[in-house]
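Peer 1: File follows, my_file_1.pdb with PDB, N, CA and C atoms, pLDDT in the B column:
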ATOM      1  N   THR A 116     180.500 125.621  69.786  1.00 79.00           N
ATOM      2  CA  THR A 116     180.817 126.263  71.056  1.00 79.00           C
ATOM      3  C   THR A 116     179.676 127.188  71.446  1.00 79.00           C
ATOM      4  N   LEU A 117     179.702 127.669  72.660  1.00 87.00           N
ATOM      5  CA  LEU A 117     178.696 128.638  73.111  1.00 87.00           C
ATOM      6  C   LEU A 117     179.038 130.059  72.709  1.00 87.00           C
ATOM      7  N   GLY A 118     180.224 130.263  72.142  1.00 90.00           N
ATOM      8  CA  GLY A 118     180.588 131.571  71.630  1.00 90.00           C
ATOM      9  C   GLY A 118     181.524 132.379  72.508  1.00 90.00           C
ATOM     10  N   GLN A 119     181.789 131.928  73.747  1.00 91.00           N
ATOM     11  CA  GLN A 119     182.697 132.685  74.607  1.00 91.00           C
ATOM     12  C   GLN A 119     184.094 132.766  74.020  1.00 91.00           C
ATOM     13  N   ASN A 120     184.513 131.729  73.313  1.00 90.00           N
ATOM     14  CA  ASN A 120     185.843 131.756  72.706  1.00 90.00           C
ATOM     15  C   ASN A 120     185.949 132.875  71.672  1.00 90.00           C
ATOM     16  N   LEU A 121     184.917 133.068  70.861  1.00 92.00           N
ATOM     17  CA  LEU A 121     184.946 134.152  69.874  1.00 92.00           C
ATOM     18  C   LEU A 121     184.810 135.513  70.545  1.00 92.00           C
ATOM     19  N   ASP A 122     183.974 135.583  71.584  1.00 92.00           N
ATOM     20  CA  ASP A 122     183.831 136.845  72.320  1.00 92.00           C
ATOM     21  C   ASP A 122     185.172 137.287  72.891  1.00 92.00           C
ATOM     22  N   ASP A 123     185.919 136.332  73.451  1.00 91.00           N
ATOM     23  CA  ASP A 123     187.201 136.667  74.062  1.00 91.00           C
ATOM     24  C   ASP A 123     188.232 137.076  73.011  1.00 91.00           C
ATOM     25  N   ILE A 124     188.290 136.368  71.904  1.00 93.00           N
ATOM     26  CA  ILE A 124     189.221 136.743  70.833  1.00 93.00           C
ATOM     27  C   ILE A 124     188.854 138.115  70.288  1.00 93.00           C
ATOM     28  N   ASP A 125     187.551 138.389  70.169  1.00 93.00           N
ATOM     29  CA  ASP A 125     187.093 139.695  69.693  1.00 93.00           C
ATOM     30  C   ASP A 125     187.573 140.811  70.620  1.00 93.00           C
ATOM     31  N   LEU A 126     187.566 140.564  71.924  1.00 92.00           N
ATOM     32  CA  LEU A 126     188.048 141.567  72.884  1.00 92.00           C
ATOM     33  C   LEU A 126     189.560 141.751  72.826  1.00 92.00           C
ATOM     34  N   GLN A 127     190.289 140.675  72.509  1.00 90.00           N
ATOM     35  CA  GLN A 127     191.748 140.696  72.569  1.00 90.00           C
ATOM     36  C   GLN A 127     192.423 141.036  71.240  1.00 90.00           C
ATOM     37  N   SER A 128     191.650 141.141  70.150  1.00 93.00           N
ATOM     38  CA  SER A 128     192.268 141.338  68.839  1.00 93.00           C
ATOM     39  C   SER A 128     191.610 142.486  68.078  1.00 93.00           C
ATOM     40  N   THR A 129     192.136 142.736  66.892  1.00 95.00           N
ATOM     41  CA  THR A 129     191.571 143.773  66.025  1.00 95.00           C
ATOM     42  C   THR A 129     190.752 143.172  64.883  1.00 95.00           C
ATOM     43  N   ILE A 130     190.520 141.879  64.914  1.00 94.00           N
ATOM     44  CA  ILE A 130     189.706 141.225  63.888  1.00 94.00           C
ATOM     45  C   ILE A 130     188.263 141.669  64.086  1.00 94.00           C
ATOM     46  N   ASP A 131     187.646 142.200  63.037  1.00 89.00           N
ATOM     47  CA  ASP A 131     186.312 142.778  63.203  1.00 89.00           C
ATOM     48  C   ASP A 131     185.173 141.867  62.753  1.00 89.00           C
ATOM     49  N   SER A 132     185.464 140.702  62.232  1.00 93.00           N
ATOM     50  CA  SER A 132     184.431 139.787  61.759  1.00 93.00           C
ATOM     51  C   SER A 132     184.459 138.504  62.582  1.00 93.00           C
ATOM     52  N   ARG A 133     183.309 138.133  63.129  1.00 93.00           N
ATOM     53  CA  ARG A 133     183.251 136.907  63.922  1.00 93.00           C
ATOM     54  C   ARG A 133     183.507 135.670  63.067  1.00 93.00           C
ATOM     55  N   VAL A 134     183.037 135.700  61.821  1.00 93.00           N
ATOM     56  CA  VAL A 134     183.283 134.545  60.961  1.00 93.00           C
ATOM     57  C   VAL A 134     184.772 134.451  60.600  1.00 93.00           C
ATOM     58  N   GLN A 135     185.475 135.573  60.545  1.00 94.00           N
ATOM     59  CA  GLN A 135     186.929 135.550  60.321  1.00 94.00           C
ATOM     60  C   GLN A 135     187.642 134.970  61.540  1.00 94.00           C
ATOM     61  N   ILE A 136     187.175 135.303  62.731  1.00 94.00           N
ATOM     62  CA  ILE A 136     187.745 134.717  63.949  1.00 94.00           C
ATOM     63  C   ILE A 136     187.536 133.210  63.942  1.00 94.00           C
ATOM     64  N   LEU A 137     186.346 132.779  63.539  1.00 93.00           N
ATOM     65  CA  LEU A 137     186.052 131.349  63.481  1.00 93.00           C
ATOM     66  C   LEU A 137     186.953 130.646  62.463  1.00 93.00           C
ATOM     67  N   GLU A 138     187.158 131.275  61.315  1.00 91.00           N
ATOM     68  CA  GLU A 138     188.062 130.712  60.309  1.00 91.00           C
ATOM     69  C   GLU A 138     189.487 130.636  60.854  1.00 91.00           C
ATOM     70  N   ASN A 139     189.913 131.660  61.570  1.00 92.00           N
ATOM     71  CA  ASN A 139     191.253 131.642  62.167  1.00 92.00           C
ATOM     72  C   ASN A 139     191.390 130.515  63.174  1.00 92.00           C
ATOM     73  N   CYS A 140     190.349 130.243  63.946  1.00 92.00           N
ATOM     74  CA  CYS A 140     190.405 129.122  64.895  1.00 92.00           C
ATOM     75  C   CYS A 140     190.669 127.811  64.158  1.00 92.00           C
ATOM     76  N   LEU A 141     190.055 127.641  62.983  1.00 90.00           N
ATOM     77  CA  LEU A 141     190.347 126.446  62.181  1.00 90.00           C
ATOM     78  C   LEU A 141     191.791 126.444  61.700  1.00 90.00           C
ATOM     79  N   LYS A 142     192.276 127.589  61.220  1.00 89.00           N
ATOM     80  CA  LYS A 142     193.664 127.682  60.751  1.00 89.00           C
ATOM     81  C   LYS A 142     194.647 127.413  61.887  1.00 89.00           C
ATOM     82  N   TRP A 143     194.322 127.919  63.078  1.00 90.00           N
ATOM     83  CA  TRP A 143     195.191 127.741  64.244  1.00 90.00           C
ATOM     84  C   TRP A 143     195.035 126.359  64.873  1.00 90.00           C
ATOM     85  N   SER A 144     194.018 125.607  64.450  1.00 90.00           N
ATOM     86  CA  SER A 144     193.673 124.299  65.037  1.00 90.00           C
ATOM     87  C   SER A 144     193.399 124.404  66.529  1.00 90.00           C
ATOM     88  N   ALA A 145     192.748 125.481  66.920  1.00 90.00           N
ATOM     89  CA  ALA A 145     192.450 125.706  68.335  1.00 90.00           C
ATOM     90  C   ALA A 145     191.029 126.237  68.496  1.00 90.00           C
ATOM     91  N   ILE A 146     190.219 125.529  69.265  1.00 90.00           N
ATOM     92  CA  ILE A 146     188.851 125.976  69.517  1.00 90.00           C
ATOM     93  C   ILE A 146     188.854 127.216  70.398  1.00 90.00           C
ATOM     94  N   ALA A 147     189.707 127.218  71.398  1.00 89.00           N
ATOM     95  CA  ALA A 147     189.768 128.340  72.340  1.00 89.00           C
ATOM     96  C   ALA A 147     191.227 128.715  72.586  1.00 89.00           C
ATOM     97  N   PRO A 148     191.838 129.457  71.657  1.00 89.00           N
ATOM     98  CA  PRO A 148     193.271 129.748  71.780  1.00 89.00           C
ATOM     99  C   PRO A 148     193.648 130.639  72.958  1.00 89.00           C
ATOM    100  N   THR A 149     192.695 131.332  73.559  1.00 86.00           N
ATOM    101  CA  THR A 149     193.025 132.211  74.687  1.00 86.00           C
ATOM    102  C   THR A 149     192.847 131.539  76.044  1.00 86.00           C
ATOM    103  N   CYS A 150     192.464 130.257  76.067  1.00 85.00           N
ATOM    104  CA  CYS A 150     192.325 129.525  77.337  1.00 85.00           C
ATOM    105  C   CYS A 150     193.690 129.095  77.831  1.00 85.00           C
ATOM    106  N   PRO A 151     193.983 129.101  79.075  1.00 81.00           N
ATOM    107  CA  PRO A 151     193.255 129.686  80.195  1.00 81.00           C
ATOM    108  C   PRO A 151     193.710 131.108  80.528  1.00 81.00           C
ATOM    109  N   ASP A 152     194.434 131.757  79.613  1.00 82.00           N
ATOM    110  CA  ASP A 152     194.998 133.080  79.907  1.00 82.00           C
ATOM    111  C   ASP A 152     193.930 134.141  80.161  1.00 82.00           C
ATOM    112  N   THR A 153     193.031 134.339  79.210  1.00 85.00           N
ATOM    113  CA  THR A 153     192.006 135.376  79.378  1.00 85.00           C
ATOM    114  C   THR A 153     190.590 134.822  79.325  1.00 85.00           C
ATOM    115  N   LEU A 154     190.437 133.545  79.040  1.00 83.00           N
ATOM    116  CA  LEU A 154     189.132 132.889  79.041  1.00 83.00           C
ATOM    117  C   LEU A 154     189.170 131.793  80.091  1.00 83.00           C
ATOM    118  N   SER A 155     188.260 131.855  81.025  1.00 80.00           N
ATOM    119  CA  SER A 155     188.276 130.926  82.155  1.00 80.00           C
ATOM    120  C   SER A 155     188.083 129.484  81.705  1.00 80.00           C
ATOM    121  N   CYS A 156     188.973 128.635  82.164  1.00 82.00           N
ATOM    122  CA  CYS A 156     188.850 127.196  81.972  1.00 82.00           C
ATOM    123  C   CYS A 156     189.840 126.521  82.916  1.00 82.00           C
ATOM    124  N   TYR A 157     189.671 125.243  83.062  1.00 80.00           N
ATOM    125  CA  TYR A 157     190.582 124.472  83.886  1.00 80.00           C
ATOM    126  C   TYR A 157     191.909 124.334  83.143  1.00 80.00           C
ATOM    127  N   PRO A 158     193.046 124.654  83.772  1.00 78.00           N
ATOM    128  CA  PRO A 158     194.341 124.531  83.086  1.00 78.00           C
ATOM    129  C   PRO A 158     194.794 123.071  83.011  1.00 78.00           C
ATOM    130  N   TYR A 159     194.763 122.511  81.836  1.00 84.00           N
ATOM    131  CA  TYR A 159     195.195 121.133  81.635  1.00 84.00           C
ATOM    132  C   TYR A 159     196.709 121.096  81.491  1.00 84.00           C
ATOM    133  N   VAL A 160     197.325 120.061  82.055  1.00 85.00           N
ATOM    134  CA  VAL A 160     198.780 119.974  82.072  1.00 85.00           C
ATOM    135  C   VAL A 160     199.312 119.100  80.938  1.00 85.00           C
ATOM    136  N   LYS A 161     198.724 117.922  80.754  1.00 89.00           N
ATOM    137  CA  LYS A 161     199.283 116.962  79.804  1.00 89.00           C
ATOM    138  C   LYS A 161     198.742 117.093  78.390  1.00 89.00           C
ATOM    139  N   LYS A 162     197.478 117.455  78.242  1.00 88.00           N
ATOM    140  CA  LYS A 162     196.883 117.526  76.907  1.00 88.00           C
ATOM    141  C   LYS A 162     195.876 118.666  76.865  1.00 88.00           C
ATOM    142  N   ASP A 163     195.908 119.437  75.801  1.00 86.00           N
ATOM    143  CA  ASP A 163     194.969 120.542  75.629  1.00 86.00           C
ATOM    144  C   ASP A 163     193.723 120.020  74.910  1.00 86.00           C
ATOM    145  N   PRO A 164     192.565 119.973  75.598  1.00 87.00           N
ATOM    146  CA  PRO A 164     191.358 119.439  74.958  1.00 87.00           C
ATOM    147  C   PRO A 164     190.756 120.381  73.915  1.00 87.00           C
ATOM    148  N   PHE A 165     191.288 121.590  73.804  1.00 88.00           N
ATOM    149  CA  PHE A 165     190.745 122.568  72.867  1.00 88.00           C
ATOM    150  C   PHE A 165     191.499 122.607  71.536  1.00 88.00           C
ATOM    151  N   ILE A 166     192.423 121.687  71.338  1.00 89.00           N
ATOM    152  CA  ILE A 166     193.146 121.578  70.068  1.00 89.00           C
ATOM    153  C   ILE A 166     192.302 120.754  69.097  1.00 89.00           C
ATOM    154  N   ILE A 167     192.157 121.239  67.880  1.00 89.00           N
ATOM    155  CA  ILE A 167     191.386 120.529  66.860  1.00 89.00           C
ATOM    156  C   ILE A 167     192.319 119.533  66.175  1.00 89.00           C
ATOM    157  N   THR A 168     192.059 118.245  66.390  1.00 87.00           N
ATOM    158  CA  THR A 168     192.887 117.213  65.763  1.00 87.00           C
ATOM    159  C   THR A 168     192.234 116.659  64.500  1.00 87.00           C
ATOM    160  N   ASP A 169     190.916 116.582  64.484  1.00 83.00           N
ATOM    161  CA  ASP A 169     190.162 116.150  63.309  1.00 83.00           C
ATOM    162  C   ASP A 169     189.303 117.322  62.865  1.00 83.00           C
ATOM    163  N   THR A 170     189.568 117.836  61.698  1.00 76.00           N
ATOM    164  CA  THR A 170     188.863 119.026  61.230  1.00 76.00           C
ATOM    165  C   THR A 170     187.399 118.709  60.954  1.00 76.00           C
ATOM    166  N   PRO A 171     186.496 119.508  61.514  1.00 84.00           N
ATOM    167  CA  PRO A 171     185.063 119.254  61.314  1.00 84.00           C
ATOM    168  C   PRO A 171     184.592 119.698  59.930  1.00 84.00           C
ATOM    169  N   HIS A 172     183.482 119.121  59.491  1.00 83.00           N
ATOM    170  CA  HIS A 172     182.875 119.546  58.224  1.00 83.00           C
ATOM    171  C   HIS A 172     182.040 120.808  58.427  1.00 83.00           C
ATOM    172  N   VAL A 173     181.450 120.947  59.610  1.00 88.00           N
ATOM    173  CA  VAL A 173     180.677 122.138  59.977  1.00 88.00           C
ATOM    174  C   VAL A 173     181.199 122.613  61.321  1.00 88.00           C
ATOM    175  N   PHE A 174     181.463 123.901  61.439  1.00 88.00           N
ATOM    176  CA  PHE A 174     182.042 124.481  62.660  1.00 88.00           C
ATOM    177  C   PHE A 174     181.290 125.771  62.931  1.00 88.00           C
ATOM    178  N   PHE A 175     180.588 125.843  64.070  1.00 90.00           N
ATOM    179  CA  PHE A 175     179.790 127.043  64.336  1.00 90.00           C
ATOM    180  C   PHE A 175     179.737 127.357  65.823  1.00 90.00           C
ATOM    181  N   PRO A 176     179.633 128.631  66.160  1.00 90.00           N
ATOM    182  CA  PRO A 176     179.456 129.054  67.545  1.00 90.00           C
ATOM    183  C   PRO A 176     178.018 129.523  67.764  1.00 90.00           C
ATOM    184  N   GLY A 177     177.599 129.524  69.003  1.00 92.00           N
ATOM    185  CA  GLY A 177     176.289 130.079  69.344  1.00 92.00           C
ATOM    186  C   GLY A 177     176.438 131.483  69.893  1.00 92.00           C
ATOM    187  N   ASN A 178     175.307 132.105  70.161  1.00 93.00           N
ATOM    188  CA  ASN A 178     175.241 133.405  70.846  1.00 93.00           C
ATOM    189  C   ASN A 178     176.065 134.500  70.178  1.00 93.00           C
ATOM    190  N   GLN A 179     175.986 134.602  68.860  1.00 92.00           N
ATOM    191  CA  GLN A 179     176.716 135.644  68.143  1.00 92.00           C
ATOM    192  C   GLN A 179     175.780 136.786  67.768  1.00 92.00           C
ATOM    193  N   PRO A 180     176.312 137.990  67.570  1.00 92.00           N
ATOM    194  CA  PRO A 180     175.462 139.152  67.294  1.00 92.00           C
ATOM    195  C   PRO A 180     174.686 139.066  65.983  1.00 92.00           C
ATOM    196  N   LYS A 181     175.215 138.332  64.997  1.00 92.00           N
ATOM    197  CA  LYS A 181     174.496 138.182  63.731  1.00 92.00           C
ATOM    198  C   LYS A 181     174.880 136.868  63.071  1.00 92.00           C
ATOM    199  N   PHE A 182     174.060 136.455  62.114  1.00 92.00           N
ATOM    200  CA  PHE A 182     174.295 135.219  61.373  1.00 92.00           C
ATOM    201  C   PHE A 182     175.197 135.507  60.178  1.00 92.00           C
ATOM    202  N   GLU A 183     176.255 134.714  60.042  1.00 90.00           N
ATOM    203  CA  GLU A 183     177.158 134.811  58.895  1.00 90.00           C
ATOM    204  C   GLU A 183     177.566 133.399  58.494  1.00 90.00           C
ATOM    205  N   THR A 184     177.843 133.211  57.218  1.00 89.00           N
ATOM    206  CA  THR A 184     178.380 131.930  56.757  1.00 89.00           C
ATOM    207  C   THR A 184     179.564 132.185  55.837  1.00 89.00           C
ATOM    208  N   ARG A 185     180.384 131.184  55.729  1.00 88.00           N
ATOM    209  CA  ARG A 185     181.529 131.248  54.818  1.00 88.00           C
ATOM    210  C   ARG A 185     181.979 129.817  54.560  1.00 88.00           C
ATOM    211  N   VAL A 186     182.399 129.544  53.354  1.00 86.00           N
ATOM    212  CA  VAL A 186     183.018 128.259  53.045  1.00 86.00           C
ATOM    213  C   VAL A 186     184.518 128.481  53.100  1.00 86.00           C
ATOM    214  N   PHE A 187     185.160 127.757  53.983  1.00 81.00           N
ATOM    215  CA  PHE A 187     186.602 127.871  54.182  1.00 81.00           C
ATOM    216  C   PHE A 187     187.289 126.822  53.317  1.00 81.00           C
ATOM    217  N   GLN A 188     188.188 127.246  52.463  1.00 76.00           N
ATOM    218  CA  GLN A 188     188.920 126.329  51.597  1.00 76.00           C
ATOM    219  C   GLN A 188     190.198 125.890  52.299  1.00 76.00           C
ATOM    220  N   GLY A 189     190.177 124.686  52.825  1.00 67.00           N
ATOM    221  CA  GLY A 189     191.371 124.131  53.444  1.00 67.00           C
ATOM    222  C   GLY A 189     192.283 123.547  52.380  1.00 67.00           C
ATOM    223  N   MET A 190     193.335 122.894  52.800  1.00 58.00           N
ATOM    224  CA  MET A 190     194.273 122.330  51.838  1.00 58.00           C
ATOM    225  C   MET A 190     193.648 121.184  51.053  1.00 58.00           C
ATOM    226  N   ILE A 191     192.782 120.403  51.703  1.00 60.00           N
ATOM    227  CA  ILE A 191     192.233 119.220  51.058  1.00 60.00           C
ATOM    228  C   ILE A 191     190.715 119.313  50.890  1.00 60.00           C
ATOM    229  N   ILE A 192     190.040 119.988  51.800  1.00 57.00           N
ATOM    230  CA  ILE A 192     188.590 119.938  51.855  1.00 57.00           C
ATOM    231  C   ILE A 192     188.018 121.319  52.162  1.00 57.00           C
ATOM    232  N   SER A 193     186.773 121.539  51.821  1.00 58.00           N
ATOM    233  CA  SER A 193     186.086 122.794  52.150  1.00 58.00           C
ATOM    234  C   SER A 193     185.299 122.607  53.439  1.00 58.00           C
ATOM    235  N   TYR A 194     185.196 123.667  54.229  1.00 59.00           N
ATOM    236  CA  TYR A 194     184.492 123.619  55.501  1.00 59.00           C
ATOM    237  C   TYR A 194     183.433 124.696  55.519  1.00 59.00           C
ATOM    238  N   LEU A 195     182.259 124.374  56.043  1.00 63.00           N
ATOM    239  CA  LEU A 195     181.190 125.354  56.188  1.00 63.00           C
ATOM    240  C   LEU A 195     181.301 125.989  57.552  1.00 63.00           C
ATOM    241  N   LEU A 196     181.444 127.324  57.592  1.00 62.00           N
ATOM    242  CA  LEU A 196     181.525 128.064  58.851  1.00 62.00           C
ATOM    243  C   LEU A 196     180.203 128.744  59.103  1.00 62.00           C
TER
END
Will you turn the file into structure tokens for me?
Peer 2:
Amino acid sequence: TLGQNLDDIDLQSTIDSRVQILENCLKWSAIAPTCPDTLSCYPYVKKDPFIITDTPHVFFPGNQPKFETRVFQGMIISYLL
């Protein structure tokens, strides 16, 4: 992503780590959980294109204040954040 999804979650929550927000997006299976409420996007009616149906092996945002990495231990597989 370009990072707006993490920027918006950072504004709306008390989570202080961007990599923790990114890990939560994987847990929630949502790339942009605040769309279209507080993050501008087209409101889809039939299907949400921001739902993660196939978990990626690498998941990263751009335009973040600093570089961080973490290996997320999912139920079956590890993911590089």
Peer 1: So that I can see what lies close to A:Asp123, please list as an NGL selection string the residues with an atom at most 8 Å from it, counting only N, CA and C atoms and leaving out residues fewer than 4 positions away in the same chain.
Peer 2: :A and (118-119 or 127-128 or 149 or 153-154)
Peer 1: Quick one: which residues end up in the PyMOL selection byres (((chain A and resi 145 and name CA) around 10) and name CA) for this structure, as a PDB file with N, CA and C atoms, in the frame of the given file?
Peer 2:
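So the final result, stored in result.pdb, reads:
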ATOM      1  N   ASN A 120     184.513 131.729  73.313  1.00 90.00           N
ATOM      2  CA  ASN A 120     185.843 131.756  72.706  1.00 90.00           C
ATOM      3  C   ASN A 120     185.949 132.875  71.672  1.00 90.00           C
ATOM      4  N   LEU A 137     186.346 132.779  63.539  1.00 93.00           N
ATOM      5  CA  LEU A 137     186.052 131.349  63.481  1.00 93.00           C
ATOM      6  C   LEU A 137     186.953 130.646  62.463  1.00 93.00           C
ATOM      7  N   ASN A 139     189.913 131.660  61.570  1.00 92.00           N
ATOM      8  CA  ASN A 139     191.253 131.642  62.167  1.00 92.00           C
ATOM      9  C   ASN A 139     191.390 130.515  63.174  1.00 92.00           C
ATOM     10  N   CYS A 140     190.349 130.243  63.946  1.00 92.00           N
ATOM     11  CA  CYS A 140     190.405 129.122  64.895  1.00 92.00           C
ATOM     12  C   CYS A 140     190.669 127.811  64.158  1.00 92.00           C
ATOM     13  N   LEU A 141     190.055 127.641  62.983  1.00 90.00           N
ATOM     14  CA  LEU A 141     190.347 126.446  62.181  1.00 90.00           C
ATOM     15  C   LEU A 141     191.791 126.444  61.700  1.00 90.00           C
ATOM     16  N   LYS A 142     192.276 127.589  61.220  1.00 89.00           N
ATOM     17  CA  LYS A 142     193.664 127.682  60.751  1.00 89.00           C
ATOM     18  C   LYS A 142     194.647 127.413  61.887  1.00 89.00           C
ATOM     19  N   TRP A 143     194.322 127.919  63.078  1.00 90.00           N
ATOM     20  CA  TRP A 143     195.191 127.741  64.244  1.00 90.00           C
ATOM     21  C   TRP A 143     195.035 126.359  64.873  1.00 90.00           C
ATOM     22  N   SER A 144     194.018 125.607  64.450  1.00 90.00           N
ATOM     23  CA  SER A 144     193.673 124.299  65.037  1.00 90.00           C
ATOM     24  C   SER A 144     193.399 124.404  66.529  1.00 90.00           C
ATOM     25  N   ILE A 146     190.219 125.529  69.265  1.00 90.00           N
ATOM     26  CA  ILE A 146     188.851 125.976  69.517  1.00 90.00           C
ATOM     27  C   ILE A 146     188.854 127.216  70.398  1.00 90.00           C
ATOM     28  N   ALA A 147     189.707 127.218  71.398  1.00 89.00           N
ATOM     29  CA  ALA A 147     189.768 128.340  72.340  1.00 89.00           C
ATOM     30  C   ALA A 147     191.227 128.715  72.586  1.00 89.00           C
ATOM     31  N   PRO A 148     191.838 129.457  71.657  1.00 89.00           N
ATOM     32  CA  PRO A 148     193.271 129.748  71.780  1.00 89.00           C
ATOM     33  C   PRO A 148     193.648 130.639  72.958  1.00 89.00           C
ATOM     34  N   THR A 149     192.695 131.332  73.559  1.00 86.00           N
ATOM     35  CA  THR A 149     193.025 132.211  74.687  1.00 86.00           C
ATOM     36  C   THR A 149     192.847 131.539  76.044  1.00 86.00           C
ATOM     37  N   CYS A 150     192.464 130.257  76.067  1.00 85.00           N
ATOM     38  CA  CYS A 150     192.325 129.525  77.337  1.00 85.00           C
ATOM     39  C   CYS A 150     193.690 129.095  77.831  1.00 85.00           C
ATOM     40  N   ASP A 163     195.908 119.437  75.801  1.00 86.00           N
ATOM     41  CA  ASP A 163     194.969 120.542  75.629  1.00 86.00           C
ATOM     42  C   ASP A 163     193.723 120.020  74.910  1.00 86.00           C
ATOM     43  N   PRO A 164     192.565 119.973  75.598  1.00 87.00           N
ATOM     44  CA  PRO A 164     191.358 119.439  74.958  1.00 87.00           C
ATOM     45  C   PRO A 164     190.756 120.381  73.915  1.00 87.00           C
ATOM     46  N   PHE A 165     191.288 121.590  73.804  1.00 88.00           N
ATOM     47  CA  PHE A 165     190.745 122.568  72.867  1.00 88.00           C
ATOM     48  C   PHE A 165     191.499 122.607  71.536  1.00 88.00           C
ATOM     49  N   ILE A 166     192.423 121.687  71.338  1.00 89.00           N
ATOM     50  CA  ILE A 166     193.146 121.578  70.068  1.00 89.00           C
ATOM     51  C   ILE A 166     192.302 120.754  69.097  1.00 89.00           C
ATOM     52  N   ILE A 167     192.157 121.239  67.880  1.00 89.00           N
ATOM     53  CA  ILE A 167     191.386 120.529  66.860  1.00 89.00           C
ATOM     54  C   ILE A 167     192.319 119.533  66.175  1.00 89.00           C
ATOM     55  N   THR A 168     192.059 118.245  66.390  1.00 87.00           N
ATOM     56  CA  THR A 168     192.887 117.213  65.763  1.00 87.00           C
ATOM     57  C   THR A 168     192.234 116.659  64.500  1.00 87.00           C
TER      58      THR A 168
END
Peer 1: List every residue of chain A that DSSP, applied to the backbone of this structure, places in strand (DSSP E), and write the result as a PyMOL selection string.
Peer 2: chain A and resi 186-188+193-195
Peer 1: When you draw a straight line from atom CA of A:Thr184 to atom CA of A:Thr170, how long is it in Å?
Peer 2: 17.2 Å
Peer 1: Quick one: distance from atom CA of A:Gly177 to atom CA of A:Pro158 in Å, one decimal?
Peer 2: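 Going from atom CA of A:Gly177 over to atom CA of A:Pro158, I get 23.4 Å.
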Peer 1: Could you please give me, as a ChimeraX atom specification, the residues of protein, DNA or RNA lying at most 12 Å from (178.1, 123.0, 61.9) in the coordinate frame of the file, considering only C-alpha atoms?
Peer 2: /A:116,137,170-177,184-186,194-196
Peer 1: Would you mind reading off the distance between atom C of A:Leu117 and atom CA of A:Pro151, one decimal, in Å?
Peer 2: 16.1 Å
Peer 1: Nearest to A:Asp122 among A:Asn178, A:Tyr159, A:Asp152, A:Glu138, with distances taken over only C-alpha atoms: which residue is it?
Peer 2: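 Residue with the minimum atom-to-atom distance to A:Asp122: A:Asn178.
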Peer 1: Could you pull out all residues of chain A with a DSSP call of helix (DSSP H, G or I) and give them as a VMD selection string?
Peer 2: chain A and resid 119 to 127 133 to 143
Peer 1: If you count only C-alpha atoms, which residues fall within 12 Å of A:Lys181, apart from same-chain ones fewer than 6 positions away, as number ranges by chain?
Peer 2: A: 118, 132-134
